[in-house]
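This report concerns only the one structure given below.
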Amino acid sequence: MSKNRGTIILYRIRTKTTKSNTEKFCREFYGYMDKSNYGKYQYRRKGLLDRIPHVKLIRGAIIIKKENCDEITQFLKKFNAEVHVRTIILVKKDKKQLINE
């Protein structure tokens with residue numbers, strides 16, 4: 001694979017998914033701030049995307065390296081998401097962000 005290519009993943013959670021399942025997805029995928037003792041302490045709980053270099057374009061669209069594609073698509077399918085995957089040519093800004101993370 002050329003260094004000028006990346007993978008774009010477009011996804012959305014199905015409309016009939018419960019609110020609690022959607023929240024669980026967001027926490028496991030993006031991570032979240034956990035607060036304890038009435039907000040006195042805050043902890044950043046990491047999600048899947050915290051350890052994978054990516055570019056988040058808009059809600060439901062991320063650009064990643066090809067080698068991380070299977071891991072992310074399996075995670076999305078675990079939550080019954082609609083997923084579309086395409087290979088794209090990276091612009092200079094996206095290539096720099098994927099390499100430097």
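Identifiers in this document derive from the order of the structure tokens: chains are assigned A, B, ..., residues are numbered from 1 separately in each chain, and ligands are numbered from 1 in order of occurrence.
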Legend entry - Spatial neighbours of A:Arg45, max dist 7 Å, only C-alpha atoms, sep filter under 4 positions, as a list in words: Gly31, Tyr32, Met33 and Asp34 of chain A
Save out the residues we just selected, C-alpha atoms, as a CSV table (one decimal), in the first residue's frame.
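Contents of the output file out.csv:
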```csv
chain,number,residue,atom,x,y,z
A,31,GLY,CA,-13.4,7.4,25.8
A,32,TYR,CA,-14.9,9.7,28.4
A,33,MET,CA,-14.2,11.8,31.5
A,34,ASP,CA,-15.0,9.9,34.7
```
Inset, instruction - For stretch 70-77 of chain A, list every protein, DNA or RNA residue within 12 Å, evaluated using only C-alpha atoms, and leave out those in the same chain fewer than 4 positions away; present the list as number ranges by chain. - result: A: 7-14, 22, 24-26, 28-30, 47-49, 51-54, 60, 62-66, 81-86
So that I have them on file, write out the residues from the current selection with N, CA and C atoms, as a short mmCIF file (atom, residue, chain, number, x, y, z; two decimals), in the first residue's frame.
```cif
data_model
loop_
_atom_site.label_atom_id
_atom_site.label_comp_id
_atom_site.auth_asym_id
_atom_site.auth_seq_id
_atom_site.Cartn_x
_atom_site.Cartn_y
_atom_site.Cartn_z
N THR A 7 -7.59 4.82 4.78
CA THR A 7 -8.91 4.19 4.74
C THR A 7 -9.90 5.10 5.45
N ILE A 8 -11.01 5.34 4.81
CA ILE A 8 -12.07 6.13 5.44
C ILE A 8 -13.17 5.16 5.87
N ILE A 9 -13.63 5.33 7.09
CA ILE A 9 -14.73 4.52 7.61
C ILE A 9 -15.88 5.45 7.92
N LEU A 10 -17.00 5.17 7.31
CA LEU A 10 -18.24 5.91 7.56
C LEU A 10 -19.16 4.97 8.32
N TYR A 11 -19.72 5.46 9.41
CA TYR A 11 -20.54 4.58 10.24
C TYR A 11 -21.69 5.35 10.87
N ARG A 12 -22.70 4.61 11.23
CA ARG A 12 -23.79 5.18 12.04
C ARG A 12 -24.44 4.06 12.83
N ILE A 13 -24.85 4.42 14.02
CA ILE A 13 -25.55 3.49 14.89
C ILE A 13 -27.00 3.44 14.42
N ARG A 14 -27.53 2.28 14.36
CA ARG A 14 -28.92 2.11 13.89
C ARG A 14 -29.89 2.86 14.80
N THR A 22 -26.16 3.02 23.03
CA THR A 22 -25.47 4.09 22.32
C THR A 22 -24.43 4.75 23.21
N LYS A 24 -22.91 3.36 25.77
CA LYS A 24 -21.83 2.38 25.95
C LYS A 24 -20.89 2.40 24.75
N PHE A 25 -21.47 2.47 23.53
CA PHE A 25 -20.66 2.55 22.32
C PHE A 25 -19.75 3.78 22.36
N CYS A 26 -20.31 4.94 22.66
CA CYS A 26 -19.53 6.18 22.67
C CYS A 26 -18.40 6.12 23.70
N GLU A 28 -16.85 3.41 24.90
CA GLU A 28 -15.83 2.45 24.50
C GLU A 28 -15.08 2.90 23.25
N PHE A 29 -15.72 3.67 22.38
CA PHE A 29 -15.11 4.09 21.13
C PHE A 29 -14.28 5.37 21.29
N TYR A 30 -14.87 6.39 21.92
CA TYR A 30 -14.21 7.68 22.04
C TYR A 30 -13.52 7.89 23.39
N GLY A 47 -10.72 5.30 25.20
CA GLY A 47 -11.52 4.47 24.31
C GLY A 47 -10.64 3.88 23.22
N LEU A 48 -11.25 3.17 22.31
CA LEU A 48 -10.52 2.52 21.23
C LEU A 48 -9.74 3.52 20.38
N LEU A 49 -10.33 4.65 20.07
CA LEU A 49 -9.67 5.63 19.20
C LEU A 49 -8.49 6.33 19.87
N ARG A 51 -5.99 4.91 21.14
CA ARG A 51 -4.75 4.19 20.86
C ARG A 51 -4.54 3.91 19.37
N ILE A 52 -5.43 4.42 18.54
CA ILE A 52 -5.30 4.24 17.09
C ILE A 52 -5.19 5.62 16.44
N PRO A 53 -4.13 5.87 15.67
CA PRO A 53 -4.03 7.15 14.96
C PRO A 53 -5.19 7.31 14.00
N HIS A 54 -5.85 8.46 14.07
CA HIS A 54 -7.02 8.68 13.23
C HIS A 54 -7.23 10.17 13.00
N GLY A 60 -19.32 10.29 12.65
CA GLY A 60 -19.54 9.12 11.81
C GLY A 60 -18.58 8.95 10.66
N ILE A 62 -14.26 8.72 9.98
CA ILE A 62 -12.88 8.79 10.44
C ILE A 62 -11.95 8.24 9.35
N ILE A 63 -10.73 8.79 9.32
CA ILE A 63 -9.70 8.30 8.42
C ILE A 63 -8.65 7.62 9.28
N ILE A 64 -8.25 6.41 8.86
CA ILE A 64 -7.27 5.63 9.61
C ILE A 64 -6.29 4.99 8.64
N LYS A 65 -5.27 4.35 9.20
CA LYS A 65 -4.36 3.55 8.40
C LYS A 65 -5.03 2.22 8.07
N LYS A 66 -4.68 1.65 6.96
CA LYS A 66 -5.30 0.39 6.51
C LYS A 66 -5.13 -0.73 7.54
N ALA A 81 -23.59 -1.43 14.03
CA ALA A 81 -23.54 -0.18 13.28
C ALA A 81 -23.54 -0.47 11.79
N GLU A 82 -24.05 0.47 11.04
CA GLU A 82 -23.96 0.41 9.59
C GLU A 82 -22.58 0.96 9.22
N VAL A 83 -21.78 0.20 8.48
CA VAL A 83 -20.38 0.56 8.24
C VAL A 83 -20.09 0.53 6.73
N HIS A 84 -19.38 1.58 6.27
CA HIS A 84 -18.91 1.65 4.89
C HIS A 84 -17.43 1.97 4.93
N VAL A 85 -16.61 1.20 4.20
CA VAL A 85 -15.15 1.35 4.21
C VAL A 85 -14.67 1.57 2.78
N ARG A 86 -13.81 2.59 2.60
CA ARG A 86 -13.23 2.88 1.29
C ARG A 86 -11.77 3.26 1.46
#
```
Inset, instruction - Give the answer as one residue: which of A:Thr15, A:Gly6, A:Asp50, A:Ile99 has the shortest atom-to-atom distance to A:Arg27, using only C-alpha atoms? - result: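 Among A:Thr15, A:Gly6, A:Asp50, A:Ile99, it is A:Asp50 that comes nearest to A:Arg27.
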Inset, instruction - Take atom CA of A:Arg44 and atom CA of A:Lys93 and report the distance between them in Å, one decimal. - result: 27.0 Å
Legend entry - Selected residue of minimal separation from A:Asn4 among A:Val55, A:Leu98, A:Ala61, A:Cys69, counting only C-alpha atoms: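 Closest to A:Asn4, using only C-alpha atoms: A:Leu98.
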Inset, instruction - Mind the document's chain letters and residue numbers, and return as a list in words the residues of stretch 4-58 of chain A that DSSP labels alpha helix (DSSP H). - result: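 These are the residues in question: Lys19, Ser20, Asn21, Thr22, Glu23, Lys24, Phe25, Cys26, Arg27, Glu28, Phe29 and Tyr30 of chain A.
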Legend entry - Separation of atom CA of A:Glu67 from atom CA of A:Gln97 in Å: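 Result for atom CA of A:Gln97 versus atom CA of A:Glu67: 15.9 Å, one decimal.
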Legend entry - Point-to-point distance from atom CA of A:Lys95 to atom CA of A:Lys56, Å rounded to tenths: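 Distance reported for this atom pair: 12.8 Å.
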Legend entry - DSSP strand (DSSP E or B) residues within chain A, listed as JSON, numbers by chain: {"A": [5, 6, 7, 8, 9, 10, 11, 12, 13, 32, 33, 34, 35, 36, 41, 42, 43, 44, 45, 54, 55, 56, 57, 58, 61, 62, 63, 64, 81, 82, 83, 84, 85, 86, 87, 88, 89]}
Inset, instruction - Using only C-alpha atoms, find the one residue out of A:Arg59, A:Lys40, A:Lys46, A:Lys92 that sits nearest to A:Arg5. - result: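 Among the listed residues, the smallest separation from A:Arg5 belongs to A:Lys92.
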